[in-house]
>>> print(open('target.txt').read())   # compact mmCIF, C-alpha atoms
# COMPACT_ATOMS: atom_id res chain seq x y z
CA MET A 458 25.42 77.63 -51.06
CA VAL A 459 22.85 79.78 -52.84
CA PRO A 460 22.08 83.07 -51.04
CA THR A 461 18.74 83.11 -49.22
CA ILE A 462 17.64 86.20 -51.12
CA TYR A 463 17.43 84.21 -54.39
CA TYR A 464 15.01 81.77 -52.78
CA VAL A 465 12.96 84.62 -51.34
CA LEU A 466 12.74 86.35 -54.73
CA LEU A 467 11.71 83.07 -56.41
CA SER A 468 9.11 82.60 -53.69
CA ALA A 469 7.79 86.14 -54.28
CA ALA A 470 7.52 85.47 -58.03
CA LEU A 471 5.63 82.20 -57.47
CA PHE A 472 3.32 83.87 -54.95
CA THR A 473 2.54 86.67 -57.43
CA MET A 474 1.69 84.09 -60.10
CA GLY A 475 -0.69 82.45 -57.63
CA VAL A 476 -2.36 85.80 -56.90
CA LEU A 477 -2.72 86.45 -60.65
CA GLY A 478 -4.30 83.02 -61.08
CA VAL A 479 -6.87 83.74 -58.39
CA LEU A 480 -7.67 87.15 -59.90
CA ILE A 481 -7.72 86.26 -63.60
CA ARG A 482 -8.94 82.69 -64.00
CA ARG A 483 -12.65 81.86 -63.84
CA ASN A 484 -12.44 78.08 -63.58
CA ALA A 485 -12.87 77.32 -59.88
CA MET A 486 -10.45 74.39 -60.19
CA VAL A 487 -7.64 76.60 -61.50
CA VAL A 488 -8.38 79.21 -58.83
CA PHE A 489 -7.93 76.46 -56.26
CA MET A 490 -4.65 75.34 -57.84
CA SER A 491 -3.42 78.94 -57.66
CA VAL A 492 -4.13 78.98 -53.91
CA GLU A 493 -1.98 75.84 -53.59
CA LEU A 494 0.75 77.59 -55.56
CA MET A 495 0.70 80.48 -53.07
CA LEU A 496 0.96 78.07 -50.12
CA ASN A 497 3.94 76.43 -51.79
CA ALA A 498 5.65 79.76 -52.36
CA ALA A 499 5.29 80.59 -48.66
CA ASN A 500 6.68 77.15 -47.77
CA LEU A 501 9.71 77.75 -49.95
CA ALA A 502 10.49 81.02 -48.17
CA LEU A 503 10.05 79.34 -44.75
CA VAL A 504 12.45 76.52 -45.62
CA ALA A 505 14.97 78.99 -47.05
CA PHE A 506 14.95 81.02 -43.82
CA ALA A 507 15.21 77.83 -41.75
CA ARG A 508 18.38 76.92 -43.70
CA GLN A 509 19.79 80.42 -43.23
CA ARG A 510 19.29 80.40 -39.45
CA LEU A 511 19.94 76.66 -39.01
CA THR A 512 16.74 76.22 -37.00
CA VAL A 513 14.46 73.26 -37.68
CA GLU A 514 11.38 75.18 -36.49
CA GLY A 515 10.85 76.59 -39.97
CA GLN A 516 10.59 73.08 -41.37
CA VAL A 517 8.14 72.09 -38.62
CA ILE A 518 5.90 75.00 -39.62
CA VAL A 519 6.05 73.90 -43.26
CA PHE A 520 5.00 70.42 -42.14
CA PHE A 521 1.92 71.94 -40.46
CA VAL A 522 1.17 74.10 -43.50
CA ILE A 523 1.23 71.04 -45.76
CA THR A 524 -1.09 69.13 -43.42
CA VAL A 525 -3.60 71.97 -43.22
CA ALA A 526 -3.38 72.44 -47.00
CA ALA A 527 -4.32 68.80 -47.49
CA ALA A 528 -7.38 69.22 -45.26
CA GLU A 529 -8.26 72.47 -47.03
CA VAL A 530 -8.09 70.84 -50.47
CA ALA A 531 -10.35 67.98 -49.37
CA VAL A 532 -13.01 70.32 -47.96
CA GLY A 533 -12.67 72.84 -50.79
CA LEU A 534 -13.09 70.24 -53.52
CA ALA A 535 -16.13 68.83 -51.69
CA VAL A 536 -17.64 72.33 -51.67
CA LEU A 537 -16.88 72.67 -55.39
CA VAL A 538 -18.57 69.35 -56.14
CA ALA A 539 -21.62 70.50 -54.14
CA ILE A 540 -21.70 73.82 -56.05
CA PHE A 541 -21.35 71.98 -59.35
CA ARG A 542 -24.27 69.76 -58.44
CA SER A 543 -26.60 72.64 -57.59
CA LYS A 544 -25.43 75.18 -60.22
CA GLY A 545 -24.16 72.93 -62.98
CA THR A 546 -21.02 74.98 -63.52
CA ALA A 547 -17.54 75.49 -62.11
CA ASP A 548 -17.29 79.09 -63.35
CA VAL A 549 -16.76 81.38 -60.36
CA ASP A 550 -18.50 84.28 -62.18
CA GLU A 551 -21.70 82.27 -62.48
CA VAL A 552 -21.90 81.59 -58.74
CA SER A 553 -23.24 85.03 -57.84
CA THR A 554 -26.50 84.24 -56.05
CA LEU A 555 -25.44 86.31 -53.02
CA LYS A 556 -24.86 89.39 -55.20
CA GLY A 557 -27.25 92.20 -54.26
CA MET B 643 27.10 73.64 -58.58
CA ASP B 644 24.36 74.55 -56.13
CA LEU B 645 23.68 77.74 -58.04
CA ILE B 646 23.33 75.90 -61.37
CA LEU B 647 20.89 73.43 -59.82
CA PHE B 648 18.96 76.29 -58.23
CA ILE B 649 18.68 78.18 -61.52
CA ILE B 650 17.50 75.08 -63.43
CA THR B 651 14.89 74.00 -60.85
CA GLY B 652 13.79 77.58 -60.22
CA ALA B 653 13.25 78.06 -63.95
CA ILE B 654 11.24 74.82 -64.09
CA ALA B 655 9.12 76.00 -61.14
CA LEU B 656 8.45 79.37 -62.78
CA ILE B 657 7.66 77.82 -66.17
CA GLY B 658 5.28 75.34 -64.50
CA ALA B 659 3.48 78.12 -62.63
CA GLY B 660 3.25 80.32 -65.72
CA ALA B 661 1.98 77.51 -67.93
CA MET B 662 -0.61 76.62 -65.28
CA LEU B 663 -1.87 80.21 -65.44
CA ILE B 664 -2.01 80.34 -69.23
CA SER B 665 -3.31 76.93 -70.30
CA ARG B 666 -6.99 76.85 -71.15
CA ASN B 667 -7.56 73.23 -70.13
CA ALA B 668 -7.83 72.53 -66.39
CA VAL B 669 -6.21 69.09 -66.77
CA HIS B 670 -3.17 70.69 -68.40
CA SER B 671 -3.12 73.25 -65.58
CA ALA B 672 -3.07 70.45 -63.02
CA LEU B 673 -0.20 68.68 -64.78
CA PHE B 674 1.84 71.89 -65.02
CA LEU B 675 1.21 72.46 -61.31
CA LEU B 676 2.55 68.95 -60.73
CA MET B 677 5.75 69.98 -62.52
CA ASN B 678 5.96 73.04 -60.29
CA PHE B 679 5.50 70.93 -57.12
CA GLY B 680 8.26 68.57 -58.26
CA ALA B 681 10.64 71.48 -58.82
CA ILE B 682 9.82 72.91 -55.38
CA ALA B 683 10.49 69.48 -53.85
CA VAL B 684 13.97 69.53 -55.41
CA LEU B 685 14.50 73.03 -54.01
CA PHE B 686 13.61 71.66 -50.55
CA LEU B 687 16.30 69.04 -51.03
CA LEU B 688 18.78 71.77 -51.99
CA LEU B 689 17.85 73.53 -48.73
CA GLN B 690 18.72 70.43 -46.67
CA SER B 691 15.23 69.28 -45.79
CA PRO B 692 14.93 65.70 -47.04
CA PHE B 693 11.86 65.05 -44.90
CA LEU B 694 9.91 67.89 -46.51
CA PHE B 695 11.12 66.67 -49.91
CA THR B 696 9.39 63.33 -49.39
CA ILE B 697 6.31 64.96 -47.83
CA GLN B 698 6.06 67.36 -50.75
CA LEU B 699 6.21 64.50 -53.24
CA THR B 700 3.81 62.14 -51.46
CA VAL B 701 1.26 64.63 -50.10
CA TYR B 702 1.32 67.42 -52.69
CA ALA B 703 2.46 65.78 -55.91
CA GLY B 704 0.78 62.52 -54.94
CA ALA B 705 -2.39 62.85 -52.90
CA ILE B 706 -3.48 66.42 -53.58
CA MET B 707 -2.87 66.33 -57.33
CA VAL B 708 -4.70 63.02 -57.69
CA LEU B 709 -7.64 64.62 -55.87
CA PHE B 710 -7.54 67.63 -58.22
CA LEU B 711 -7.34 65.53 -61.38
CA PHE B 712 -10.07 63.23 -60.12
CA VAL B 713 -12.49 66.08 -59.40
CA VAL B 714 -11.71 67.92 -62.66
CA MET B 715 -12.39 64.78 -64.67
CA LEU B 716 -15.40 63.79 -62.56
CA LEU B 717 -17.10 67.14 -63.09
CA GLY B 718 -15.98 67.50 -66.69
CA ALA B 719 -14.82 71.01 -65.82
CA GLU B 720 -11.83 71.04 -68.17
CA GLN B 721 -12.91 73.96 -70.34
CA VAL B 722 -15.28 76.06 -68.27
CA GLU B 723 -13.93 79.35 -69.53
CA ASN B 724 -14.41 78.61 -73.22
CA ALA B 725 -18.14 78.01 -72.77
CA THR B 726 -19.15 81.51 -71.69
CA PRO B 727 -17.79 84.97 -72.56
CA ASP B 728 -15.84 86.82 -69.88
CA ARG B 729 -18.19 89.25 -68.16
CA LEU B 730 -15.41 90.88 -66.20
CA ALA B 731 -12.95 91.42 -69.06
CA TRP B 732 -11.83 94.74 -67.60
CA SER B 733 -10.50 92.97 -64.51
CA ARG B 734 -7.63 91.32 -66.39
CA PRO B 735 -5.37 94.37 -66.99
CA LEU B 736 -6.19 95.59 -63.47
CA ALA B 737 -5.13 92.22 -62.04
CA MET B 738 -1.90 92.34 -64.08
CA ALA B 739 -1.09 95.82 -62.77
CA LEU B 740 -1.85 94.86 -59.17
CA GLY B 741 0.20 91.67 -59.50
CA LEU B 742 3.18 93.59 -60.84
CA ALA B 743 2.81 96.08 -57.99
CA LEU B 744 2.77 93.22 -55.46
CA LEU B 745 5.87 91.68 -57.03
CA ALA B 746 7.64 95.05 -56.97
CA VAL B 747 6.80 95.65 -53.31
CA ALA B 748 7.86 92.13 -52.31
CA GLY B 749 11.11 92.49 -54.28
CA VAL B 750 11.92 95.86 -52.73
CA VAL B 751 11.25 94.56 -49.20
CA ALA B 752 13.33 91.44 -49.83
CA LEU B 753 16.24 93.40 -51.27
CA ARG B 754 16.21 96.07 -48.57
CA THR B 755 16.46 93.53 -45.76
CA PRO B 756 20.12 93.15 -44.81
CA SER B 757 21.05 89.53 -45.42
CA ALA B 758 23.41 87.64 -43.16
CA ALA B 759 25.88 85.20 -44.68
CA VAL B 760 24.43 81.77 -45.37
CA PRO B 761 26.08 79.07 -43.22
CA ASP B 762 28.26 76.86 -45.42
CA SER B 763 27.81 73.13 -45.68
CA ALA B 764 30.43 72.39 -42.98
CA GLN B 765 28.51 74.48 -40.42
CA ALA B 766 25.21 73.02 -41.54
CA LEU B 767 26.38 69.43 -41.28
CA GLY B 768 23.59 67.29 -39.83
CA PHE B 769 21.05 70.09 -40.06
CA GLY B 770 17.52 69.20 -41.12
CA GLU B 771 17.73 65.49 -40.49
CA PRO B 772 14.31 63.88 -40.07
CA SER B 773 15.21 62.77 -36.54
CA GLN B 774 15.59 66.42 -35.44
CA LEU B 775 12.23 67.23 -36.94
CA GLY B 776 10.54 64.27 -35.28
CA LYS B 777 12.02 65.13 -31.89
CA LEU B 778 10.73 68.70 -32.15
CA LEU B 779 7.29 67.55 -33.34
CA PHE B 780 6.80 65.31 -30.34
CA THR B 781 8.20 67.66 -27.69
CA ASP B 782 7.85 71.41 -28.26
CA TYR B 783 5.19 71.16 -30.96
CA LEU B 784 3.14 68.33 -29.49
CA LEU B 785 -0.03 70.42 -29.02
CA PRO B 786 -0.08 71.81 -32.58
CA PHE B 787 0.64 68.29 -33.80
CA GLU B 788 -2.42 66.97 -31.97
CA ILE B 789 -4.50 69.87 -33.29
CA THR B 790 -3.57 68.95 -36.89
CA GLY B 791 -4.99 65.51 -36.14
CA VAL B 792 -8.28 67.14 -35.11
CA ILE B 793 -8.22 69.33 -38.26
CA LEU B 794 -7.81 66.28 -40.47
CA LEU B 795 -10.67 64.53 -38.65
CA VAL B 796 -12.90 67.61 -39.14
CA ALA B 797 -11.96 67.63 -42.84
CA VAL B 798 -12.97 63.99 -43.21
CA ILE B 799 -16.31 64.57 -41.47
CA GLY B 800 -16.90 67.75 -43.47
CA VAL B 801 -16.32 66.01 -46.80
CA VAL B 802 -18.69 63.18 -45.87
CA VAL B 803 -21.42 65.61 -44.73
CA LEU B 804 -21.04 67.89 -47.78
CA ASN B 805 -21.39 65.07 -50.26
CA GLN B 806 -24.30 63.22 -48.73
CA ARG B 807 -26.88 62.30 -51.34
CA GLY B 808 -30.48 63.34 -50.92
CA ARG B 809 -29.80 66.30 -48.65
CA LYS B 810 -30.46 69.84 -49.78
CA LEU B 811 -27.54 72.05 -48.81
>>> encode(input="target.txt", output="structure tokens")
Amino acid sequence: MVPTIYYVLLSAALFTMGVLGVLIRRNAMVVFMSVELMLNAANLALVAFARQRLTVEGQVIVFFVITVAAAEVAVGLAVLVAIFRSKGTADVDEVSTLKG
Amino acid sequence: MDLILFIITGAIALIGAGAMLISRNAVHSALFLLMNFGAIAVLFLLLQSPFLFTIQLTVYAGAIMVLFLFVVMLLGAEQVENATPDRLAWSRPLAMALGLALLAVAGVVALRTPSAAVPDSAQALGFGEPSQLGKLLFTDYLLPFEITGVILLVAVIGVVVLNQRGRKL
């Protein structure tokens, strides 16, 4: 059995890549994908800890996270489509109407 | 054997995530993310959660990625970043530094936590079976389960309202 710490370190690396994607990329689609990557990294850590402690609760929480992520993606992509219709771009730097 | 499988799938997950970050075309990014989701699904299987393995494949790799690809292709937003110059070019090295700092902090915290021995496969026999999960979902976690139903309903209504034609938002 692989030690839990390996899974946690992999999860940390994936989470960092997601953070970098949100910070660096300007395409709103890729920013969104990076958010999904972060959610997945957190899920991986939860499942790893569930296996370590032999409690199914961790897996139940991951089930909820996946459900909420699905809802979040649906609403988020609808917002993106609405922004694209009014602004004509999916570049997050161009959507700066609220900037003072 | 487990360790070899872990290293291979972990490497695939990391390569998928890295390639998603680097590739300039949003469709390629989505496909690399799909590779990453597949690898994470295999890791779930290695961690004795077959139910989450199927959920990961059907919901994430199936439904969510189809939605992403559909919207990217619908909007024609494959190459947004090549059209305009980067106005915040200075933010890239800063983001790299902050990301490395985050990784370092997370690594230090993870390594400093004393780790108990992982239960071997004989002790974990029968752990993570879908029946256990279902029993827990419909007893202890019944209220959160119902609330997820409401969240999904709200999402459906929200999407319909947001994309109504002929309404100024």
>>> interface_residues(input="target.txt", of="chain A", to="chain B", cutoff="8 Å", atoms="only C-alpha atoms", output="VMD selection string")
chain A and resid 458 to 462 465 to 467 469 to 471 473 to 478 480 to 484 486 to 487 490 494 497 501 504 to 505 508 to 511 513 to 514 516 to 517 519 to 521 523 to 525 527 to 532 534 to 536 538 to 539 541 546 to 548 550
>>> atom_distance(input="target.txt", atom1="atom CA of Tyr464 of chain A", atom2="atom CA of Leu503 of chain A")
9.7 Å
>>> atom_distance(input="target.txt", atom1="atom CA of Thr781 of chain B", atom2="atom CA of Pro692 of chain B")
20.6 Å
>>> residues_around(input="target.txt", residues="Leu496 of chain A", least_positions_apart="2", cutoff="8 Å", atoms="all atoms listed in the file", output="list in words")
Phe472, Val492, Glu493, Leu494, Ala498, Ala499, Asn500, Val522 and Ala526 of chain A
>>> atom_distance(input="target.txt", atom1="atom CA of Phe780 of chain B", atom2="atom CA of Thr512 of chain A")
16.2 Å
